[in-house]
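Below is coords.txt, which holds compact mmCIF, C-alpha atoms and all ligand atoms.
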# COMPACT_ATOMS: atom_id res chain seq x y z
CA MET A 1 92.61 121.49 23.47
CA ALA A 2 91.83 119.73 26.73
CA GLN A 3 89.43 116.83 26.18
CA LEU A 4 88.22 113.81 28.07
CA HIS A 5 88.74 110.34 26.66
CA THR A 6 85.89 109.35 24.33
CA ARG A 7 84.96 106.57 26.79
CA ALA A 8 84.59 109.10 29.61
CA ALA A 9 82.57 111.52 27.48
CA ALA A 10 80.35 108.65 26.30
CA ALA A 11 79.76 107.69 29.95
CA GLY A 12 78.42 111.20 30.62
CA VAL A 13 81.47 112.65 32.40
CA ARG A 14 81.78 116.41 31.78
CA LEU A 15 84.81 118.70 31.64
CA PHE A 16 85.23 122.23 32.99
CA ALA A 17 88.57 123.45 31.63
CA HIS A 18 90.29 126.65 32.77
CA GLN A 19 93.43 128.47 31.80
CA THR A 20 94.05 129.40 35.42
CA ILE A 21 92.03 128.98 38.60
CA ASP A 22 92.65 129.17 42.35
CA SER A 23 92.47 125.40 42.84
CA THR A 24 90.69 122.74 40.81
CA ASN A 25 89.68 121.02 44.09
CA THR A 26 88.21 124.27 45.43
CA GLU A 27 86.35 124.85 42.16
CA ALA A 28 84.98 121.29 42.13
CA LEU A 29 83.71 121.80 45.69
CA ARG A 30 82.14 125.13 44.66
CA LEU A 31 80.39 123.35 41.79
CA ALA A 32 79.11 120.68 44.18
CA ARG A 33 77.76 123.37 46.53
CA SER A 34 75.98 125.00 43.60
CA GLY A 35 74.15 121.76 42.86
CA GLU A 36 76.47 119.92 40.46
CA GLN A 37 76.38 116.18 41.08
CA GLY A 38 79.24 115.05 38.85
CA PRO A 39 80.80 113.04 37.51
CA LEU A 40 82.90 115.85 36.12
CA TRP A 41 86.51 116.94 35.79
CA VAL A 42 87.84 120.40 36.57
CA PHE A 43 91.11 120.94 34.71
CA ALA A 44 93.43 123.96 34.78
CA ARG A 45 96.75 124.82 33.17
CA SER A 46 97.84 126.64 36.34
CA GLN A 47 96.55 127.26 39.86
CA THR A 48 97.01 130.33 42.01
CA ALA A 49 96.16 128.57 45.29
CA GLY A 50 96.89 124.90 44.67
CA ARG A 51 96.49 122.80 47.79
CA GLY A 52 98.41 119.72 48.90
CA ARG A 53 97.75 117.34 51.74
CA ARG A 54 97.97 118.63 55.31
CA SER A 55 97.19 122.22 54.18
CA ARG A 56 100.44 122.52 52.27
CA GLU A 57 100.73 124.70 49.23
CA TRP A 58 100.95 122.87 45.88
CA ILE A 59 103.10 124.90 43.52
CA SER A 60 101.11 125.10 40.29
CA GLU A 61 102.98 126.78 37.44
CA PRO A 62 101.95 126.05 33.83
CA GLY A 63 103.38 122.87 32.34
CA ASN A 64 102.23 120.36 34.97
CA PHE A 65 98.88 118.58 35.29
CA TYR A 66 96.20 119.90 37.65
CA GLY A 67 92.83 118.17 37.66
CA SER A 68 90.01 117.26 40.04
CA PHE A 69 87.29 114.68 39.62
CA LEU A 70 83.94 115.36 41.32
CA LEU A 71 81.71 112.39 42.00
CA ARG A 72 78.92 111.29 44.32
CA ALA A 73 80.10 109.65 47.53
CA PRO A 74 79.44 105.90 47.69
CA SER A 75 76.19 104.84 49.33
CA LEU A 76 78.21 103.39 52.22
CA LEU A 77 79.92 106.64 53.28
CA GLY A 78 82.49 104.69 55.30
CA ASN A 79 83.94 103.36 52.04
CA THR A 80 84.83 106.86 50.80
CA PRO A 81 88.50 106.80 52.01
CA GLN A 82 89.09 103.80 49.74
CA LEU A 83 88.82 106.21 46.81
CA SER A 84 92.43 107.29 47.51
CA PHE A 85 93.59 103.86 46.37
CA VAL A 86 91.20 103.78 43.42
CA ALA A 87 92.57 107.14 42.26
CA ALA A 88 96.20 106.12 42.78
CA LEU A 89 95.66 103.02 40.67
CA ALA A 90 93.94 105.04 37.93
CA LEU A 91 96.89 107.43 37.90
CA HIS A 92 99.35 104.54 37.79
CA ASP A 93 97.42 103.02 34.86
CA ALA A 94 97.29 106.32 32.98
CA LEU A 95 100.96 107.21 33.43
CA SER A 96 102.06 103.64 32.69
CA ALA A 97 100.17 103.76 29.40
CA LEU A 98 101.68 107.15 28.49
CA THR A 99 105.28 106.37 29.49
CA GLY A 100 105.62 102.58 29.28
CA TRP A 101 106.99 102.66 32.86
CA ALA A 102 104.51 100.30 34.53
CA ALA A 103 107.30 98.60 36.50
CA GLU A 104 109.16 101.79 37.46
CA LEU A 105 106.13 103.70 38.78
CA LYS A 106 105.33 102.88 42.41
CA LEU A 107 102.55 103.86 44.80
CA LYS A 108 103.53 105.28 48.15
CA TRP A 109 101.01 105.20 50.98
CA PRO A 110 98.70 106.96 51.32
CA ASN A 111 98.45 108.35 47.80
CA ASP A 112 101.65 109.50 46.11
CA LEU A 113 103.10 108.21 42.89
CA LEU A 114 106.87 107.76 42.67
CA HIS A 115 109.40 107.24 39.91
CA ALA A 116 112.79 105.86 40.97
CA GLY A 117 111.87 106.69 44.57
CA ALA A 118 111.06 110.37 43.89
CA LYS A 119 107.60 111.94 44.03
CA LEU A 120 106.07 112.49 40.61
CA ALA A 121 102.45 113.07 41.56
CA GLY A 122 100.20 113.63 44.55
CA ILE A 123 96.52 113.08 45.26
CA LEU A 124 94.26 115.07 47.59
CA VAL A 125 90.86 113.51 48.32
CA GLU A 126 88.30 115.76 50.00
CA GLY A 127 84.73 115.06 50.96
CA GLU A 128 81.84 117.38 51.60
CA GLY A 129 78.29 116.22 52.20
CA ARG A 130 77.47 113.55 49.64
CA HIS A 131 80.29 114.55 47.30
CA VAL A 132 83.93 113.60 46.93
CA VAL A 133 86.62 115.49 45.05
CA ILE A 134 89.75 113.65 43.93
CA GLY A 135 92.45 116.20 43.12
CA ILE A 136 95.52 115.08 41.22
CA GLY A 137 98.72 116.95 40.48
CA VAL A 138 101.39 115.46 38.20
CA ASN A 139 104.83 116.99 37.69
CA CYS A 140 105.15 116.85 33.90
CA ALA A 141 107.67 119.58 33.10
CA HIS A 142 109.03 120.74 36.45
CA HIS A 143 109.14 120.07 40.18
CA PRO A 144 110.06 122.25 43.16
CA GLU A 145 113.31 122.01 45.07
CA PRO A 146 114.26 121.52 47.79
CA THR A 147 111.59 119.14 48.98
CA ARG A 148 111.10 117.17 52.15
CA TYR A 149 110.67 113.99 50.13
CA PRO A 150 112.72 113.77 46.89
CA ALA A 151 110.69 114.99 43.90
CA THR A 152 110.99 114.59 40.16
CA ASP A 153 109.05 115.29 36.96
CA LEU A 154 108.28 113.28 33.86
CA ALA A 155 110.57 115.35 31.63
CA ALA A 156 113.51 115.01 34.04
CA ALA A 157 112.89 111.27 34.19
CA GLY A 158 112.94 111.08 30.38
CA ALA A 159 109.28 111.15 29.28
CA SER A 160 107.60 113.92 27.35
CA VAL A 161 103.95 113.87 28.43
CA LEU A 162 101.53 116.79 28.16
CA PRO A 163 98.86 117.63 30.76
CA ASP A 164 96.17 117.18 28.06
CA GLU A 165 97.35 113.63 27.39
CA ILE A 166 97.14 112.84 31.11
CA LEU A 167 93.60 114.23 31.31
CA ALA A 168 92.39 112.04 28.43
CA GLN A 169 94.08 108.86 29.66
CA LEU A 170 93.20 109.44 33.32
CA SER A 171 89.54 110.17 32.62
CA ALA A 172 89.19 106.68 31.09
CA ALA A 173 91.38 104.95 33.70
CA MET A 174 89.40 106.52 36.56
CA LEU A 175 86.15 105.03 35.25
CA GLU A 176 87.76 101.61 34.89
CA ARG A 177 89.17 101.63 38.42
CA LEU A 178 85.87 102.93 39.84
CA ALA A 179 84.07 100.07 38.14
CA GLN A 180 86.56 97.56 39.63
CA TRP A 181 86.08 99.08 43.10
CA ASP A 182 82.29 98.94 42.72
CA GLU A 183 81.57 101.35 45.60
CA GLY A 184 83.64 99.18 47.94
CA ALA A 185 82.28 95.74 46.98
CA GLY A 186 85.46 95.25 44.90
CA PHE A 187 87.93 96.76 47.40
CA ALA A 188 89.75 93.43 47.78
CA ARG A 189 90.79 93.69 44.11
CA THR A 190 91.68 97.38 44.48
CA ARG A 191 93.82 96.55 47.53
CA ARG A 192 95.50 93.62 45.75
CA ASP A 193 96.39 95.79 42.73
CA TRP A 194 97.57 98.66 44.94
CA LEU A 195 99.85 96.35 46.96
CA ALA A 196 101.28 94.89 43.74
CA ARG A 197 102.46 98.41 42.81
CA ALA A 198 103.46 99.53 46.34
CA HIS A 199 106.79 101.22 47.03
CA GLU A 200 109.12 99.24 49.31
CA ARG A 201 106.67 96.85 50.90
CA GLY A 202 108.66 94.92 53.49
CA SER A 203 111.15 97.70 54.12
CA GLU A 204 111.56 99.89 57.20
CA MET A 205 109.91 103.28 57.21
CA ARG A 206 108.96 106.14 59.45
CA VAL A 207 105.44 107.54 59.56
CA ALA A 208 104.76 111.04 60.89
CA THR A 209 101.11 111.40 61.86
CA GLY A 210 101.29 115.03 62.97
CA GLU A 211 101.11 114.13 66.65
CA ARG A 212 103.85 111.52 66.77
CA GLU A 213 106.11 109.29 64.72
CA ALA A 214 106.19 105.53 64.35
CA SER A 215 108.94 103.45 62.74
CA GLY A 216 108.51 99.93 61.51
CA VAL A 217 108.37 97.61 58.57
CA PHE A 218 105.65 98.30 56.00
CA GLU A 219 103.87 94.98 56.12
CA ASP A 220 100.43 95.39 54.63
CA LEU A 221 97.39 97.48 53.86
CA ASP A 222 94.37 96.38 55.84
CA GLU A 223 90.88 95.90 54.46
CA THR A 224 90.00 99.53 55.22
CA GLY A 225 93.16 100.95 53.64
CA ARG A 226 95.18 101.56 56.84
CA LEU A 227 98.95 101.09 56.65
CA ILE A 228 100.08 98.15 58.78
CA LEU A 229 103.51 98.63 60.35
CA ARG A 230 105.39 95.89 62.20
CA LEU A 231 107.09 97.68 65.13
CA SER A 232 110.46 96.68 66.58
CA ASP A 233 108.72 94.96 69.52
CA GLY A 234 106.86 92.75 67.04
CA LYS A 235 103.49 94.46 67.54
CA ARG A 236 101.49 95.59 64.53
CA GLU A 237 100.20 99.14 64.32
CA ALA A 238 97.50 100.34 61.93
CA ILE A 239 98.04 103.93 60.73
CA THR A 240 95.07 105.88 59.40
CA ALA A 241 96.78 109.08 58.18
CA GLY A 242 100.33 110.35 57.97
CA ASP A 243 103.43 111.05 55.88
CA VAL A 244 105.82 108.22 55.10
CA PHE A 245 109.60 108.60 54.90
CA PRO A 246 112.53 106.23 54.57
CA VAL A 247 113.75 105.51 58.10
CA ALA A 248 117.12 107.15 57.41
CA ASP A 249 115.50 110.55 56.74
CA MET A 250 114.80 112.12 60.11
CA THR A 251 114.48 115.74 59.01
CA GLY A 252 110.72 115.73 58.47
CA ALA A 253 110.56 119.36 57.44
CA GLY A 254 110.38 121.38 54.25
CA ARG A 255 108.52 120.54 51.07
CA SER A 256 106.93 117.35 49.87
CA GLY A 257 106.69 116.59 46.16
CA SER A 258 105.35 119.81 44.75
CA SER A 259 103.89 120.94 48.04
CA THR A 260 105.42 123.15 50.66
CA ALA A 261 105.10 122.56 54.37
CA SER A 262 105.06 126.31 54.93
CA GLY A 263 101.54 126.16 53.44
CA ARG A 264 98.92 128.85 53.57
CA ALA A 265 96.02 128.70 55.98
CA HIS A 266 93.09 126.92 54.34
CA SER A 267 89.53 126.51 55.47
CA PRO A 268 89.16 123.08 57.05
CA LEU A 269 87.43 120.69 54.68
CA THR A 270 87.15 117.03 55.35
CA VAL A 271 90.40 115.64 54.06
CA LEU A 272 89.59 111.99 54.09
CA PRO A 273 91.51 109.49 56.16
CA HIS A 274 94.50 108.24 54.18
CA GLY A 275 94.33 111.57 52.34
C1 LIG B 301 99.84 116.10 47.89
O1 LIG B 301 100.08 116.85 48.85
O2 LIG B 301 100.64 115.25 47.55
C2 LIG B 301 98.54 116.21 47.12
C3 LIG B 301 98.65 117.23 46.03
C4 LIG B 301 97.39 117.41 45.22
C5 LIG B 301 97.53 118.54 44.25
C6 LIG B 301 96.39 118.60 43.28
S1 LIG B 301 96.70 119.67 41.92
C7 LIG B 301 95.03 119.53 41.43
C8 LIG B 301 94.20 119.59 42.70
N1 LIG B 301 93.94 120.96 43.07
C9 LIG B 301 94.53 121.28 44.21
O3 LIG B 301 94.49 122.40 44.75
N2 LIG B 301 95.19 120.23 44.71
C10 LIG B 301 95.06 119.07 43.86
structure tokens encoding of this file:
Amino acid sequence: MAQLHTRAAAAGVRLFAHQTIDSTNTEALRLARSGEQGPLWVFARSQTAGRGRRSREWISEPGNFYGSFLLRAPSLLGNTPQLSFVAALALHDALSALTGWAAELKLKWPNDLLHAGAKLAGILVEGEGRHVVIGIGVNCAHHPEPTRYPATDLAAAGASVLPDEILAQLSAAMLERLAQWDEGAGFARTRRDWLARAHERGSEMRVATGEREASGVFEDLDETGRLILRLSDGKREAITAGDVFPVADMTGAGRSGSSTASGRAHSPLTVLPHG
């Protein structure tokens, strides 16, 4: 049975668990519109309309983890995009504890989690009014192919982890990372911990922003969470939102992780910068 960690339940976090639902993010936003304040988790064993970043479809068959955390936006609304990094760290903590792979799991800007360079999990942060929904999908038992960015799943990588175990571990880790972040006052520590787990810092990459592409060396994350690229002319460019690829991969089409670029049309919500 799906359950939150005892620490999360004791902190007043609630759980709405479903066998199947359209999208846990969509449901969390519906709950917020109906007056729910959070903090709460929406969990489902499958989704019929799972959503990835950039309006892509997130394939959501049973066996993988699908969960969304609804919380109040921070009092300084401008700090909300930092929640992408808070969530990525919580996910890294949770999966490290469940697999023992702390060193092998890496964070890819803006908010993917990789194992051996392949996408294992994705995060979709959406804001509406004074609420934020952090949606997380983890490939536990399967992953789609072909994908634009290489994808994998925990079972294929050699770990047997159930969605229920992720929910319990993640619900505790999320509270710990939120406390560290402290509504933005602790972002320096969040940023430091994120960079310590970052995929290929110092290597060359290509960022597709939707309008254009930039190639350069991944140098840093600035104090607001933007990716800092060092371009070939030596200039630094701060990127607010985009998809990151190794510089050798110039295809830029197809699926990403568990999401498909073909995507369905979705109503435009505020997908937060970096998200
Ligand atoms: C990405 O494109 O990498 C982000 C994927 C986020 C998928 C998760 S699954 C749970 C939650 N519900 C959704 O519809 N999307 C997120």
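Minimum atom-to-atom distances from A:Arg53, A:Arg33, A:Ala88, A:Val42 to Leu178 of chain A were compared using all atoms listed in the file, and the lowest value belongs to A:Ala88.
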Set the cut-off to 8 Å, count all atoms listed in the file, and list whatever residues fall near ligand LIG 301 (chain B) as an mmCIF file with C-alpha atoms, keeping the file's coordinate frame.
data_model
loop_
_atom_site.group_PDB
_atom_site.id
_atom_site.type_symbol
_atom_site.label_atom_id
_atom_site.label_comp_id
_atom_site.auth_asym_id
_atom_site.auth_seq_id
_atom_site.Cartn_x
_atom_site.Cartn_y
_atom_site.Cartn_z
ATOM 1 C CA ASP A 22 92.650 129.170 42.350
ATOM 2 C CA SER A 23 92.470 125.400 42.840
ATOM 3 C CA THR A 24 90.690 122.740 40.810
ATOM 4 C CA ASN A 25 89.680 121.020 44.090
ATOM 5 C CA THR A 26 88.210 124.270 45.430
ATOM 6 C CA PHE A 43 91.110 120.940 34.710
ATOM 7 C CA GLN A 47 96.550 127.260 39.860
ATOM 8 C CA ALA A 49 96.160 128.570 45.290
ATOM 9 C CA GLY A 50 96.890 124.900 44.670
ATOM 10 C CA ARG A 51 96.490 122.800 47.790
ATOM 11 C CA GLY A 52 98.410 119.720 48.900
ATOM 12 C CA ARG A 53 97.750 117.340 51.740
ATOM 13 C CA ARG A 54 97.970 118.630 55.310
ATOM 14 C CA ARG A 56 100.440 122.520 52.270
ATOM 15 C CA GLU A 57 100.730 124.700 49.230
ATOM 16 C CA TRP A 58 100.950 122.870 45.880
ATOM 17 C CA SER A 60 101.110 125.100 40.290
ATOM 18 C CA PHE A 65 98.880 118.580 35.290
ATOM 19 C CA TYR A 66 96.200 119.900 37.650
ATOM 20 C CA GLY A 67 92.830 118.170 37.660
ATOM 21 C CA SER A 68 90.010 117.260 40.040
ATOM 22 C CA ASN A 111 98.450 108.350 47.800
ATOM 23 C CA ASP A 112 101.650 109.500 46.110
ATOM 24 C CA ALA A 121 102.450 113.070 41.560
ATOM 25 C CA GLY A 122 100.200 113.630 44.550
ATOM 26 C CA ILE A 123 96.520 113.080 45.260
ATOM 27 C CA LEU A 124 94.260 115.070 47.590
ATOM 28 C CA ILE A 134 89.750 113.650 43.930
ATOM 29 C CA GLY A 135 92.450 116.200 43.120
ATOM 30 C CA ILE A 136 95.520 115.080 41.220
ATOM 31 C CA GLY A 137 98.720 116.950 40.480
ATOM 32 C CA VAL A 138 101.390 115.460 38.200
ATOM 33 C CA SER A 256 106.930 117.350 49.870
ATOM 34 C CA GLY A 257 106.690 116.590 46.160
ATOM 35 C CA SER A 258 105.350 119.810 44.750
ATOM 36 C CA SER A 259 103.890 120.940 48.040
#
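For Val13 of chain A, the set of protein, DNA and RNA residues having any atom at most 7 Å away, when counting all atoms listed in the file and skipping those fewer than 2 positions along the same chain, is Ala8, Ala9, Ala11, Leu15, Pro39 and Leu40 of chain A.
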Quiz prompt | Selection as an MDAnalysis selection string: residues within 8 Å of (101.3, 94.6, 58.4), counting all atoms listed in the file | solution = chainID A and resid 217:222 227:230 236:238
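When atom CA of Asp243 of chain A is paired with atom CA of Pro81 of chain A, their separation reads 16.0 Å.
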Exercise. For Val161 of chain A, list every protein, DNA or RNA residue within 12 Å, evaluated using all atoms listed in the file, and leave out those in the same chain fewer than 2 positions away; present the list as JSON, numbers by chain.
Key: {"A": [63, 64, 65, 94, 95, 96, 97, 98, 99, 100, 138, 139, 140, 141, 142, 153, 154, 155, 156, 157, 158, 159, 163, 164, 165, 166, 167, 168, 169]}
Atoms kept (C-alpha atoms) for selection, written as a PDB file, keeping the file's coordinate frame:
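The result, written out as part.pdb:
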ATOM      1  CA  GLY A  63     103.380 122.870  32.340  1.00  0.00           C
ATOM      2  CA  ASN A  64     102.230 120.360  34.970  1.00  0.00           C
ATOM      3  CA  PHE A  65      98.880 118.580  35.290  1.00  0.00           C
ATOM      4  CA  ALA A  94      97.290 106.320  32.980  1.00  0.00           C
ATOM      5  CA  LEU A  95     100.960 107.210  33.430  1.00  0.00           C
ATOM      6  CA  SER A  96     102.060 103.640  32.690  1.00  0.00           C
ATOM      7  CA  ALA A  97     100.170 103.760  29.400  1.00  0.00           C
ATOM      8  CA  LEU A  98     101.680 107.150  28.490  1.00  0.00           C
ATOM      9  CA  THR A  99     105.280 106.370  29.490  1.00  0.00           C
ATOM     10  CA  GLY A 100     105.620 102.580  29.280  1.00  0.00           C
ATOM     11  CA  VAL A 138     101.390 115.460  38.200  1.00  0.00           C
ATOM     12  CA  ASN A 139     104.830 116.990  37.690  1.00  0.00           C
ATOM     13  CA  CYS A 140     105.150 116.850  33.900  1.00  0.00           C
ATOM     14  CA  ALA A 141     107.670 119.580  33.100  1.00  0.00           C
ATOM     15  CA  HIS A 142     109.030 120.740  36.450  1.00  0.00           C
ATOM     16  CA  ASP A 153     109.050 115.290  36.960  1.00  0.00           C
ATOM     17  CA  LEU A 154     108.280 113.280  33.860  1.00  0.00           C
ATOM     18  CA  ALA A 155     110.570 115.350  31.630  1.00  0.00           C
ATOM     19  CA  ALA A 156     113.510 115.010  34.040  1.00  0.00           C
ATOM     20  CA  ALA A 157     112.890 111.270  34.190  1.00  0.00           C
ATOM     21  CA  GLY A 158     112.940 111.080  30.380  1.00  0.00           C
ATOM     22  CA  ALA A 159     109.280 111.150  29.280  1.00  0.00           C
ATOM     23  CA  PRO A 163      98.860 117.630  30.760  1.00  0.00           C
ATOM     24  CA  ASP A 164      96.170 117.180  28.060  1.00  0.00           C
ATOM     25  CA  GLU A 165      97.350 113.630  27.390  1.00  0.00           C
ATOM     26  CA  ILE A 166      97.140 112.840  31.110  1.00  0.00           C
ATOM     27  CA  LEU A 167      93.600 114.230  31.310  1.00  0.00           C
ATOM     28  CA  ALA A 168      92.390 112.040  28.430  1.00  0.00           C
ATOM     29  CA  GLN A 169      94.080 108.860  29.660  1.00  0.00           C
TER      30      GLN A 169
END
